[in-house]
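**Q** Take a look at the following structure, please.
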Amino acid sequence: MIFRNGIKSLALPDVLKDLIIEHSLDKKQIINMKVDDLAFTLECDFETAKIIQNSVRNSSNKPMLHEMTELA
């Protein structure tokens, strides 16, 4: 899975990256889940799930921001 390779680039501790891989979640699933559901799925607290989701969202926006900078 391509996203699994991209997990290492997330601004998260390795233990959280491993948790995502263990539960076979992909980028789209993480972004589209409610934070409560993500916390339940990963068996972590709400704040940790929120941090994970924000990290994935921020990582997915970087290529778009790079493209926008090139157009300017």
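In the structure tokens, each chain is lettered A, B, ... as it comes, each chain's residues begin at 1, and ligands are numbered from 1 in order of appearance.
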Using DSSP on the backbone coordinates, identify all residues within stretch 4-66 of chain A classified as alpha helix (DSSP H); present the result as a VMD selection string.
**A** chain A and resid 4 to 7 14 to 22 27 to 32 35 to 42 46 to 66
**Q** Can you pull out the residues contacting A:Ile7? Cut-off 12 Å, using only C-alpha atoms, and skip same-chain residues under 5 positions away; I want them as a CSV table (one decimal) with N, CA and C atoms, in the first residue's frame.
**A**
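Generated output (out-v9.csv):
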```csv
chain,number,residue,atom,x,y,z
A,1,MET,N,0.8,-1.2,0.0
A,1,MET,CA,0.0,0.0,0.0
A,1,MET,C,0.9,1.2,0.0
A,2,ILE,N,0.6,2.2,-0.9
A,2,ILE,CA,1.5,3.4,-1.0
A,2,ILE,C,1.5,4.2,0.2
A,12,LEU,N,4.7,12.3,13.4
A,12,LEU,CA,4.1,11.6,14.5
A,12,LEU,C,5.2,10.7,15.1
A,13,PRO,N,5.1,10.3,16.4
A,13,PRO,CA,6.0,9.3,17.0
A,13,PRO,C,5.8,8.0,16.3
A,14,ASP,N,6.9,7.2,16.2
A,14,ASP,CA,6.9,5.9,15.5
A,14,ASP,C,5.8,5.0,16.1
A,15,VAL,N,5.6,5.0,17.4
A,15,VAL,CA,4.5,4.2,18.0
A,15,VAL,C,3.2,4.5,17.4
A,16,LEU,N,2.9,5.7,17.1
A,16,LEU,CA,1.6,6.0,16.5
A,16,LEU,C,1.5,5.6,15.0
A,17,LYS,N,2.6,5.7,14.3
A,17,LYS,CA,2.7,5.3,12.9
A,17,LYS,C,2.5,3.8,12.9
A,18,ASP,N,3.1,3.0,13.8
A,18,ASP,CA,2.9,1.6,13.9
A,18,ASP,C,1.4,1.2,14.2
A,19,LEU,N,0.8,2.0,15.0
A,19,LEU,CA,-0.6,1.8,15.4
A,19,LEU,C,-1.5,1.9,14.1
A,20,ILE,N,-1.2,2.9,13.3
A,20,ILE,CA,-2.0,3.1,12.1
A,20,ILE,C,-1.8,1.9,11.2
A,21,ILE,N,-0.6,1.4,11.0
A,21,ILE,CA,-0.3,0.3,10.2
A,21,ILE,C,-1.0,-1.0,10.7
A,22,GLU,N,-0.9,-1.2,12.0
A,22,GLU,CA,-1.5,-2.4,12.7
A,22,GLU,C,-3.0,-2.5,12.4
A,24,SER,N,-4.5,-1.2,9.8
A,24,SER,CA,-4.7,-1.2,8.3
A,24,SER,C,-5.5,0.0,7.8
A,25,LEU,N,-5.2,1.1,8.4
A,25,LEU,CA,-6.0,2.3,8.0
A,25,LEU,C,-5.2,3.0,6.9
A,26,ASP,N,-5.9,3.6,6.0
A,26,ASP,CA,-5.3,4.4,5.0
A,26,ASP,C,-5.6,5.9,5.2
A,27,LYS,N,-5.0,6.7,4.4
A,27,LYS,CA,-5.1,8.1,4.5
A,27,LYS,C,-6.5,8.6,4.4
A,30,ILE,N,-8.6,7.7,7.5
A,30,ILE,CA,-8.3,8.5,8.7
A,30,ILE,C,-8.9,9.9,8.5
A,52,ILE,N,-3.3,12.6,15.3
A,52,ILE,CA,-3.1,11.7,14.2
A,52,ILE,C,-3.8,12.2,12.9
A,55,SER,N,-2.2,15.4,11.6
A,55,SER,CA,-1.0,15.1,10.9
A,55,SER,C,-1.2,14.6,9.5
A,56,VAL,N,-2.2,13.7,9.4
A,56,VAL,CA,-2.5,13.1,8.1
A,56,VAL,C,-3.0,14.2,7.1
A,59,SER,N,-0.2,16.5,6.1
A,59,SER,CA,0.7,15.8,5.1
A,59,SER,C,0.1,15.7,3.7
A,60,SER,N,-1.2,15.6,3.7
A,60,SER,CA,-1.9,15.5,2.4
A,60,SER,C,-2.0,16.9,1.7
```
